[in-house]
$ cat upload_10.txt   # compact mmCIF, C-alpha atoms
# COMPACT_ATOMS: atom_id res chain seq x y z
CA MET A 16 177.16 142.15 103.19
CA THR A 17 177.73 142.50 99.44
CA LEU A 18 179.69 145.58 98.50
CA TYR A 19 178.36 146.64 95.11
CA ASP A 20 180.27 148.79 92.63
CA LEU A 21 177.13 150.84 92.21
CA ILE A 22 173.71 151.27 93.76
CA ILE A 23 171.18 153.19 91.71
CA ILE A 24 168.30 154.74 93.65
CA GLY A 25 165.32 155.15 91.38
CA ALA A 26 164.19 153.48 88.16
CA GLY A 27 162.76 156.22 86.02
CA PRO A 28 164.36 157.31 82.74
CA ALA A 29 167.56 158.44 84.52
CA GLY A 30 167.94 155.40 86.78
CA ILE A 31 167.10 152.86 84.08
CA THR A 32 169.49 154.44 81.57
CA ALA A 33 172.24 154.47 84.20
CA ALA A 34 171.48 150.79 84.92
CA VAL A 35 171.74 149.82 81.24
CA TYR A 36 175.08 151.61 80.95
CA ALA A 37 176.34 150.02 84.18
CA ALA A 38 175.27 146.53 83.07
CA ARG A 39 177.12 147.00 79.79
CA LYS A 40 180.22 148.06 81.75
CA LYS A 41 179.81 144.86 83.80
CA MET A 42 179.69 146.78 87.06
CA SER A 43 178.24 144.89 90.04
CA LEU A 44 174.95 146.62 90.45
CA LEU A 45 171.83 146.98 92.55
CA VAL A 46 168.79 149.07 91.62
CA ILE A 47 166.47 150.15 94.44
CA SER A 48 163.22 151.87 93.56
CA ARG A 49 159.69 152.46 94.71
CA ASP A 50 158.44 151.90 91.19
CA ILE A 51 159.65 151.26 87.65
CA GLY A 52 159.30 153.92 85.00
CA GLY A 53 159.05 156.87 87.35
CA GLN A 54 157.15 159.90 86.22
CA ALA A 55 157.46 158.81 82.58
CA ALA A 56 155.01 156.02 83.40
CA TRP A 57 152.51 158.63 84.56
CA SER A 58 152.84 160.85 81.51
CA GLY A 59 150.22 161.10 78.81
CA ASP A 60 151.33 161.40 75.21
CA VAL A 61 155.03 161.79 74.50
CA GLU A 62 155.85 163.33 71.15
CA ASN A 63 159.36 164.64 71.74
CA TYR A 64 161.42 161.57 72.60
CA THR A 65 163.68 161.16 69.59
CA GLY A 66 162.91 158.07 67.56
CA TYR A 67 159.31 157.93 68.74
CA GLN A 68 157.07 160.33 66.87
CA PHE A 69 154.27 159.33 69.18
CA VAL A 70 154.30 157.10 72.22
CA THR A 71 152.34 157.14 75.47
CA GLY A 72 154.15 157.52 78.80
CA PRO A 73 153.30 153.99 80.01
CA GLU A 74 154.41 152.49 76.67
CA LEU A 75 157.73 154.34 76.76
CA ALA A 76 158.24 153.30 80.40
CA LEU A 77 157.62 149.66 79.44
CA LYS A 78 160.19 150.00 76.65
CA PHE A 79 162.71 151.33 79.20
CA GLU A 80 161.92 148.47 81.55
CA GLU A 81 162.25 145.84 78.79
CA HIS A 82 165.63 147.33 77.93
CA MET A 83 166.76 147.08 81.55
CA LYS A 84 165.42 143.52 81.91
CA LYS A 85 167.50 142.43 78.92
CA TYR A 86 170.39 142.48 81.38
CA ASP A 87 170.54 140.50 84.57
CA ILE A 88 170.18 143.40 87.00
CA LEU A 89 169.32 142.85 90.64
CA THR A 90 166.34 145.07 91.39
CA LYS A 91 164.57 145.84 94.65
CA GLU A 92 161.21 147.21 93.64
CA GLY A 93 158.76 148.72 96.09
CA GLU A 94 161.48 149.77 98.53
CA ALA A 95 161.72 153.36 99.68
CA VAL A 96 165.16 154.64 100.64
CA THR A 97 165.27 156.28 104.06
CA GLU A 98 168.94 157.17 104.48
CA LEU A 99 172.18 157.49 102.55
CA LYS A 100 175.39 157.61 104.57
CA LYS A 101 179.11 157.51 103.93
CA ALA A 102 181.63 155.91 106.30
CA GLY A 103 185.19 155.94 104.98
CA ASP A 104 184.93 154.89 101.36
CA ILE A 105 181.77 152.86 101.88
CA LEU A 106 178.33 154.21 101.05
CA SER A 107 175.39 152.66 102.80
CA VAL A 108 171.82 152.90 101.63
CA LYS A 109 169.09 152.18 104.16
CA THR A 110 165.60 151.32 102.99
CA VAL A 111 162.38 150.42 104.74
CA LYS A 112 163.38 146.76 104.34
CA GLY A 113 167.14 146.59 104.74
CA GLU A 114 170.58 148.07 104.26
CA TYR A 115 172.91 147.83 101.28
CA THR A 116 176.48 149.01 100.67
CA ALA A 117 178.37 150.17 97.59
CA LYS A 118 181.43 152.05 96.40
CA THR A 119 179.34 154.49 94.37
CA VAL A 120 175.71 155.60 94.35
CA ILE A 121 173.62 157.31 91.70
CA ILE A 122 170.56 159.07 93.03
CA ALA A 123 167.86 159.16 90.37
CA SER A 124 164.84 159.23 92.65
CA GLY A 125 162.95 161.87 90.71
CA LYS A 126 160.08 163.97 91.92
CA ARG A 127 156.61 163.50 93.39
CA SER A 128 153.40 165.52 93.06
CA ARG A 129 153.01 168.64 95.12
CA GLU A 130 149.80 168.85 97.11
CA LEU A 131 147.31 171.73 97.17
CA GLY A 132 147.17 172.17 100.92
CA VAL A 133 143.48 173.15 101.01
CA PRO A 134 140.59 171.86 103.15
CA GLY A 135 139.13 168.62 101.80
CA GLU A 136 142.24 167.52 99.92
CA LYS A 137 143.16 164.66 102.26
CA GLU A 138 139.56 163.47 102.80
CA PHE A 139 138.81 163.30 99.09
CA LYS A 140 142.09 161.86 97.85
CA ASN A 141 141.14 158.98 95.53
CA LYS A 142 137.50 159.88 96.11
CA GLY A 143 137.39 162.14 93.11
CA LEU A 144 140.65 163.94 93.73
CA THR A 145 143.70 162.45 92.05
CA TYR A 146 147.27 163.29 91.15
CA CYS A 147 147.29 161.00 88.10
CA ALA A 148 145.02 161.89 85.21
CA THR A 149 146.61 159.16 83.12
CA CYS A 150 145.61 156.49 85.65
CA ASP A 151 142.25 157.55 86.97
CA GLY A 152 140.99 159.76 84.13
CA PRO A 153 138.76 157.14 82.46
CA ILE A 154 136.67 156.75 85.65
CA PHE A 155 135.35 160.26 84.98
CA MET A 156 133.84 159.46 81.60
CA GLY A 157 131.04 161.91 80.81
CA LYS A 158 131.47 163.86 84.03
CA ASP A 159 132.51 167.46 84.76
CA VAL A 160 136.06 167.78 86.07
CA ALA A 161 138.59 170.41 87.08
CA VAL A 162 142.32 170.40 86.37
CA ILE A 163 144.37 172.50 88.78
CA GLY A 164 147.54 174.09 87.41
CA GLY A 165 148.79 175.90 84.35
CA GLY A 166 152.05 174.20 83.36
CA ASN A 167 152.83 171.41 80.90
CA SER A 168 151.53 168.58 83.07
CA ALA A 169 148.26 170.42 83.80
CA LEU A 170 147.74 171.09 80.10
CA ASP A 171 148.56 167.49 79.32
CA ALA A 172 145.96 166.33 81.88
CA ALA A 173 143.40 168.77 80.45
CA ILE A 174 143.94 167.42 76.92
CA GLN A 175 143.48 163.86 78.14
CA MET A 176 140.34 164.77 80.08
CA ALA A 177 138.82 166.75 77.20
CA ASN A 178 138.56 163.42 75.37
CA ILE A 179 136.83 161.71 78.28
CA ALA A 180 134.92 164.20 80.43
CA SER A 181 131.91 166.29 79.40
CA LYS A 182 133.43 169.53 80.68
CA VAL A 183 136.93 170.48 81.80
CA TYR A 184 137.70 173.56 83.89
CA ILE A 185 141.34 174.58 84.07
CA ILE A 186 142.05 176.46 87.29
CA ASN A 187 145.23 178.44 86.80
CA ASN A 188 146.61 180.88 89.36
CA THR A 189 148.42 183.11 86.88
CA SER A 190 147.04 185.44 84.21
CA ARG A 191 147.92 183.12 81.33
CA LEU A 192 148.50 179.39 80.87
CA GLY A 193 152.11 178.29 80.58
CA GLY A 194 153.19 175.13 78.80
CA GLU A 195 153.74 174.55 75.14
CA GLU A 196 152.07 176.92 72.66
CA ILE A 197 150.76 174.08 70.50
CA VAL A 198 149.01 172.43 73.46
CA ARG A 199 147.64 175.74 74.74
CA GLU A 200 146.06 176.47 71.36
CA LYS A 201 144.44 173.03 71.28
CA LEU A 202 142.80 173.74 74.64
CA GLU A 203 141.73 177.28 73.80
CA ASN A 204 139.94 175.96 70.73
CA ASN A 205 138.20 173.08 72.53
CA HIS A 206 134.57 173.92 73.35
CA LYS A 207 134.53 171.50 76.30
CA VAL A 208 137.33 173.41 78.03
CA GLU A 209 136.88 176.51 80.16
CA ILE A 210 140.07 178.24 81.24
CA LEU A 211 139.85 180.16 84.52
CA ASN A 212 142.91 182.36 84.93
CA ASP A 213 143.89 184.25 88.09
CA SER A 214 142.06 181.59 90.06
CA ARG A 215 142.83 179.94 93.35
CA VAL A 216 141.43 176.77 94.90
CA GLU A 217 139.84 177.43 98.30
CA GLY A 218 138.56 173.97 99.16
CA ILE A 219 137.19 170.63 98.01
CA ILE A 220 133.63 169.67 98.91
CA GLY A 221 131.53 166.53 98.74
CA ASP A 222 129.92 163.92 100.93
CA ARG A 223 131.32 160.45 100.26
CA MET A 224 132.91 161.51 96.98
CA VAL A 225 133.84 164.88 95.51
CA ASN A 226 130.94 166.93 94.19
CA GLY A 227 132.45 170.36 93.93
CA ILE A 228 135.39 172.67 94.22
CA LYS A 229 135.41 176.15 95.74
CA VAL A 230 137.42 178.58 93.69
CA SER A 231 138.24 182.24 93.98
CA ILE A 232 138.27 183.64 90.43
CA GLN A 233 139.81 187.10 90.21
CA GLY A 234 138.73 187.59 93.80
CA LYS A 235 135.17 186.28 93.30
CA GLU A 236 134.07 183.07 95.04
CA ARG A 237 132.48 180.38 92.89
CA THR A 238 131.67 176.71 93.43
CA LEU A 239 132.14 174.51 90.39
CA PRO A 240 130.02 171.33 90.43
CA VAL A 241 132.69 168.82 89.45
CA LYS A 242 133.05 165.11 90.24
CA GLY A 243 136.72 164.88 89.45
CA ILE A 244 139.70 167.02 90.44
CA PHE A 245 143.13 166.55 88.90
CA VAL A 246 145.95 168.22 90.79
CA GLU A 247 148.89 169.16 88.54
CA ILE A 248 150.65 171.97 90.39
CA GLY A 249 154.21 170.90 90.14
CA LEU A 250 156.56 168.54 91.85
CA LEU A 251 158.83 168.10 94.84
CA PRO A 252 162.20 166.31 94.65
CA ASN A 253 162.56 162.96 96.45
CA SER A 254 165.76 163.96 98.20
CA ASP A 255 164.77 163.79 101.87
CA PHE A 256 167.06 160.80 102.53
CA ALA A 257 170.10 162.64 101.15
CA LYS A 258 170.64 165.02 104.04
CA GLU A 259 174.43 165.11 103.70
CA LEU A 260 174.24 166.41 100.16
CA ASP A 261 174.16 170.02 99.02
CA ARG A 262 170.68 170.86 97.82
CA ASN A 263 169.20 174.04 96.39
CA GLU A 264 166.34 176.05 97.94
CA ILE A 265 163.69 173.72 96.52
CA GLY A 266 165.48 170.57 97.65
CA GLU A 267 167.02 169.56 94.33
CA ILE A 268 170.43 167.90 94.65
CA LYS A 269 173.20 170.10 93.29
CA VAL A 270 175.36 168.45 90.65
CA ASN A 271 178.14 169.63 88.36
CA CYS A 272 178.37 168.83 84.66
CA ARG A 273 179.77 165.39 85.51
CA ASN A 274 176.78 164.63 87.76
CA GLU A 275 179.00 164.73 90.85
CA THR A 276 177.47 165.85 94.14
CA ASN A 277 179.47 167.38 96.98
CA VAL A 278 180.13 163.85 98.37
CA PRO A 279 182.76 161.90 96.39
CA GLY A 280 181.31 158.69 94.99
CA VAL A 281 177.75 159.99 95.11
CA PHE A 282 176.28 161.06 91.78
CA ALA A 283 172.80 162.24 90.91
CA ALA A 284 170.77 162.40 87.70
CA GLY A 285 167.40 163.42 86.34
CA ASP A 286 164.58 165.36 87.93
CA VAL A 287 165.89 165.08 91.49
CA THR A 288 168.85 167.29 90.50
CA ASP A 289 169.17 171.01 89.87
CA VAL A 290 169.87 170.42 86.17
CA PRO A 291 167.66 172.86 84.27
CA GLU A 292 164.74 171.48 82.23
CA LYS A 293 162.94 168.37 83.34
CA GLN A 294 162.33 166.17 80.32
CA ILE A 295 162.34 162.41 79.79
CA ILE A 296 165.08 162.64 77.21
CA ILE A 297 167.21 164.90 79.41
CA ALA A 298 166.80 162.60 82.43
CA ALA A 299 167.85 159.63 80.31
CA GLY A 300 170.93 161.47 79.04
CA GLU A 301 171.86 162.57 82.55
CA GLY A 302 171.54 158.96 83.74
CA ALA A 303 174.04 157.86 81.10
CA LYS A 304 176.45 160.64 82.13
CA ALA A 305 176.14 159.78 85.81
CA CYS A 306 176.96 156.13 85.14
CA LEU A 307 180.03 156.99 83.07
CA SER A 308 181.20 159.34 85.83
CA ALA A 309 180.70 156.61 88.44
CA PHE A 310 182.62 154.18 86.24
CA ARG A 311 185.49 156.65 85.92
CA TYR A 312 185.45 157.24 89.69
CA LEU A 313 185.71 153.48 90.34
CA SER A 314 188.68 153.13 88.00
CA GLN A 315 190.48 155.92 89.85
CA HIS A 316 189.73 154.76 93.41
CA MET B 29 142.56 128.79 93.35
CA LYS B 30 140.98 131.99 94.61
CA ASN B 31 138.74 134.07 92.39
CA VAL B 32 140.67 137.25 91.52
CA LYS B 33 139.38 140.35 89.73
CA VAL B 34 141.48 143.37 88.78
CA TYR B 35 139.70 146.65 88.04
CA SER B 36 142.10 148.78 86.04
CA THR B 37 142.69 151.24 83.24
CA PRO B 38 145.11 150.44 80.40
CA THR B 39 147.17 153.56 81.08
CA CYS B 40 147.77 153.28 84.81
CA PRO B 41 151.32 152.16 85.64
CA TYR B 42 150.41 150.50 88.94
CA CYS B 43 147.65 148.54 87.17
CA ILE B 44 150.16 147.29 84.63
CA ARG B 45 152.54 146.28 87.43
CA ALA B 46 149.84 144.62 89.51
CA LYS B 47 148.75 142.49 86.55
CA GLN B 48 152.36 141.70 85.68
CA PHE B 49 152.93 140.61 89.29
CA LEU B 50 149.91 138.28 89.19
CA LYS B 51 151.04 136.79 85.87
CA GLU B 52 154.58 136.23 87.18
CA ASN B 53 153.05 134.31 90.07
CA ASN B 54 150.78 132.30 87.76
CA VAL B 55 147.63 133.76 89.26
CA VAL B 56 144.61 133.57 86.97
CA PHE B 57 142.52 136.74 87.17
CA GLU B 58 139.67 138.53 85.48
CA ASP B 59 140.94 141.77 83.93
CA ILE B 60 138.25 144.45 84.10
CA ASN B 61 138.96 147.56 82.05
CA VAL B 62 136.94 150.32 83.72
CA ALA B 63 137.96 152.76 80.96
CA ALA B 64 135.88 150.73 78.50
CA ASP B 65 133.04 149.72 80.80
CA GLN B 66 131.41 152.50 82.78
CA ALA B 67 129.10 150.17 84.71
CA LYS B 68 132.11 148.19 85.91
CA GLY B 69 133.74 151.48 86.90
CA GLU B 70 130.75 152.30 89.07
CA GLU B 71 130.86 148.81 90.54
CA MET B 72 134.51 149.39 91.46
CA VAL B 73 133.69 152.68 93.17
CA LYS B 74 130.89 150.96 95.09
CA ILE B 75 132.93 148.03 96.39
CA SER B 76 136.06 150.02 97.20
CA GLY B 77 134.51 153.29 98.35
CA GLN B 78 137.00 155.25 96.26
CA MET B 79 137.83 156.13 92.65
CA GLY B 80 141.49 155.22 92.19
CA VAL B 81 142.78 152.26 90.18
CA PRO B 82 143.84 149.50 90.47
CA VAL B 83 141.39 147.72 92.74
CA LEU B 84 141.80 144.00 93.39
CA ASP B 85 138.93 141.82 94.49
CA ILE B 86 140.31 138.57 95.90
CA GLU B 87 137.28 136.46 96.88
CA GLY B 88 135.56 139.54 98.25
CA LYS B 89 138.64 141.00 99.96
CA ILE B 90 139.17 144.44 98.42
CA ILE B 91 142.70 145.77 97.99
CA VAL B 92 143.13 149.33 96.75
CA GLY B 93 146.32 150.11 94.84
CA PHE B 94 149.22 147.78 94.04
CA ASP B 95 149.89 146.59 97.57
CA ARG B 96 152.29 143.74 96.89
CA ASP B 97 152.53 142.52 100.49
CA GLU B 98 148.78 142.54 100.98
CA ILE B 99 148.23 140.66 97.69
CA LYS B 100 150.83 138.06 98.65
CA LYS B 101 149.21 137.57 102.04
CA GLU B 102 145.74 137.19 100.58
CA LEU B 103 146.86 134.70 97.92
CA GLY B 104 149.34 132.87 100.12
CA ILE B 105 152.23 133.33 97.67
$ encode --input "upload_10.txt" --output "structure tokens"
Amino acid sequence: MTLYDLIIIGAGPAGITAAVYAARKKMSLLVISRDIGGQAAWSGDVENYTGYQFVTGPELALKFEEHMKKYDILTKEGEAVTELKKAGDILSVKTVKGEYTAKTVIIASGKRSRELGVPGEKEFKNKGLTYCATCDGPIFMGKDVAVIGGGNSALDAAIQMANIASKVYIINNTSRLGGEEIVREKLENNHKVEILNDSRVEGIIGDRMVNGIKVSIQGKERTLPVKGIFVEIGLLPNSDFAKELDRNEIGEIKVNCRNETNVPGVFAAGDVTDVPEKQIIIAAGEGAKACLSAFRYLSQH
Amino acid sequence: MKNVKVYSTPTCPYCIRAKQFLKENNVVFEDINVAADQAKGEEMVKISGQMGVPVLDIEGKIIVGFDRDEIKKELGI
């Protein structure tokens, strides 16, 4: 079995940046990922990635991918990692399709959408209920929809849907929307948007497809006749395979300022870690740091 | 060559990847943008019984999502 210098798990902004750095250091390298682009590919408009005054998430993700493909990097796409183990100095990464070994590993597996956990959610997934406004939004042209959540990604989804749908309800469980002030103002001034604060989703209803959502608004039950439901209530880290690593209470992998985990040779970067602030530009920077740390580790071991 | 249709939106990452995959394998396909054509969007919902993109129609066999193994099997590649 090939023993790589480095295996990178994940190919979002952190993983791809680490891969570019590793390729330029001529490290022997394998990238394993379920998808390419990570959450960046699912983002709407990006206006805070330096050098791009405006770019969409999918466009930026394609740029990342093109950059990675400029180098001859072995990539296993569509493979989910199930286990990471260390025996002696050898790290082994098991996936649904095989097993690979390396001297160092960078975990950059990011986060996935959190689910609502209400009746109807599973039955109506992809039948009106979606976790990706960027992907499925256009199907709801001219229809009434609800966006669940009150953070940046919910506001982002609401902005996208306000351009497509005829009416957008924002169902937010706190007393005021979070997110960026500039985006919040845009929504508050949009006549198509109705913001429902202190609201909780009770269930999703429909027959073959979604035709409504039951909401408790400040304690009062109401059914909103919507055809589309966009769930944007935060994220969970993809760290289940990394059981030997120290993780915080929400499952994020703990790293120090050199991106080292508690296991020597294992580094982590981006949204899967406990680094504060989850941003594309931060994930990319962390990926670069993790690769340089792995490179230093290899030269010392 | 089998008749292949891809129902997609321009912004969906798995749509982009599915189309890229077909191109890499020299598969000719009809690219249907459901964001621009509402009637085609409804057609997609009807044939697939769901509202997520991408949907592939390979000679009447409907594949929901970018299911690489299923696509390979259906196209014999």
$ interface_residues --input "upload_10.txt" --of "chain B" --to "chain A" --cutoff "10 Å" --atoms "all atoms listed in the file" --output "ChimeraX atom specification"
/B:36-45,61-66,68-70,72-73,77-82,92,94-97
$ atom_distance --input "upload_10.txt" --atom1 "CA of Gly166 in chain A" --atom2 "CA of Ala298 in chain A"
18.8 Å
$ residues_around --input "upload_10.txt" --residues "range 234-241 of chain A" --least-positions-apart "6" --cutoff "6 Å" --atoms "only C-alpha atoms" --output "PyMOL selection string"
chain A and resi 159-160+226-228
$ closest_residue --input "upload_10.txt" --among "B:Val56, B:Ile75, B:Lys33, B:Ile86" --to "Lys100 in chain B" --atoms "only C-alpha atoms"
B:Ile86
$ residues_around --input "upload_10.txt" --residues "range 25-41 of chain A" --least-positions-apart "5" --cutoff "8 Å" --atoms "only C-alpha atoms" --output "NGL selection string"
:A and (46-55 or 76 or 79-80 or 82-83 or 86-88 or 121-125 or 284-285 or 295-296 or 298-307 or 310)
$ residues_near_point --input "upload_10.txt" --point "(175.6, 149.1, 93.7)" --cutoff "8 Å" --atoms "all atoms listed in the file" --output "PyMOL selection string"
chain A and resi 18-23+43-46+116-120
$ decode --input "upload_10.txt" --residues "range 88-164 of chain A" --atoms "C-alpha atoms" --output "tab-separated table (two decimals), in the first residue's frame"
chain	number	residue	atom	x	y	z
A	88	ILE	CA	-3.13	15.76	-7.39
A	89	LEU	CA	-4.59	12.32	-6.84
A	90	THR	CA	-8.19	12.84	-5.75
A	91	LYS	CA	-10.81	10.38	-4.55
A	92	GLU	CA	-14.09	12.17	-4.97
A	93	GLY	CA	-17.37	10.81	-3.68
A	94	GLU	CA	-15.73	8.81	-0.89
A	95	ALA	CA	-16.84	9.27	2.69
A	96	VAL	CA	-14.25	8.64	5.40
A	97	THR	CA	-15.42	6.24	8.08
A	98	GLU	CA	-12.38	5.91	10.34
A	99	LEU	CA	-9.03	7.49	11.09
A	100	LYS	CA	-6.55	5.44	13.10
A	101	LYS	CA	-2.92	5.64	14.14
A	102	ALA	CA	-0.66	2.61	14.55
A	103	GLY	CA	2.94	3.50	15.40
A	104	ASP	CA	3.83	6.35	13.07
A	105	ILE	CA	1.39	5.30	10.38
A	106	LEU	CA	-2.00	6.92	9.98
A	107	SER	CA	-4.68	4.95	8.22
A	108	VAL	CA	-7.79	6.42	6.69
A	109	LYS	CA	-10.68	4.07	6.00
A	110	THR	CA	-13.39	5.07	3.57
A	111	VAL	CA	-16.52	3.41	2.26
A	112	LYS	CA	-14.41	2.13	-0.66
A	113	GLY	CA	-10.96	1.37	0.72
A	114	GLU	CA	-8.10	2.12	3.07
A	115	TYR	CA	-5.19	4.50	2.62
A	116	THR	CA	-2.09	5.23	4.71
A	117	ALA	CA	0.02	8.33	5.27
A	118	LYS	CA	2.58	9.93	7.56
A	119	THR	CA	0.39	12.98	8.14
A	120	VAL	CA	-3.31	13.78	7.76
A	121	ILE	CA	-5.14	17.08	7.50
A	122	ILE	CA	-8.81	16.90	8.38
A	123	ALA	CA	-10.73	19.57	6.50
A	124	SER	CA	-14.07	17.81	6.29
A	125	GLY	CA	-16.16	20.84	7.16
A	126	LYS	CA	-19.72	20.89	8.35
A	127	ARG	CA	-23.14	19.67	7.22
A	128	SER	CA	-26.64	21.11	7.65
A	129	ARG	CA	-28.40	20.60	10.94
A	130	GLU	CA	-31.90	19.17	10.67
A	131	LEU	CA	-35.07	20.56	12.26
A	132	GLY	CA	-36.19	17.37	13.94
A	133	VAL	CA	-39.92	18.03	13.48
A	134	PRO	CA	-42.71	15.81	12.09
A	135	GLY	CA	-42.80	15.79	8.30
A	136	GLU	CA	-39.15	16.75	7.80
A	137	LYS	CA	-37.99	13.35	6.53
A	138	GLU	CA	-41.09	12.67	4.41
A	139	PHE	CA	-40.88	16.02	2.63
A	140	LYS	CA	-37.13	16.24	2.15
A	141	ASN	CA	-36.62	17.20	-1.52
A	142	LYS	CA	-40.40	17.38	-1.86
A	143	GLY	CA	-40.49	21.05	-1.06
A	144	LEU	CA	-38.14	20.96	1.89
A	145	THR	CA	-34.48	21.58	1.12
A	146	TYR	CA	-31.22	22.43	2.81
A	147	CYS	CA	-29.82	24.21	-0.26
A	148	ALA	CA	-31.53	27.40	-1.38
A	149	THR	CA	-28.75	27.99	-3.90
A	150	CYS	CA	-29.47	24.67	-5.63
A	151	ASP	CA	-33.21	24.23	-5.46
A	152	GLY	CA	-34.38	27.83	-5.06
A	153	PRO	CA	-35.28	28.43	-8.73
A	154	ILE	CA	-37.84	25.57	-8.66
A	155	PHE	CA	-39.95	27.77	-6.39
A	156	MET	CA	-40.34	30.62	-8.86
A	157	GLY	CA	-43.48	32.61	-8.07
A	158	LYS	CA	-44.40	30.49	-5.06
A	159	ASP	CA	-44.67	31.26	-1.33
A	160	VAL	CA	-41.78	29.90	0.71
A	161	ALA	CA	-40.44	29.88	4.26
A	162	VAL	CA	-36.82	30.18	5.35
A	163	ILE	CA	-36.09	28.72	8.77
A	164	GLY	CA	-33.31	30.34	10.79
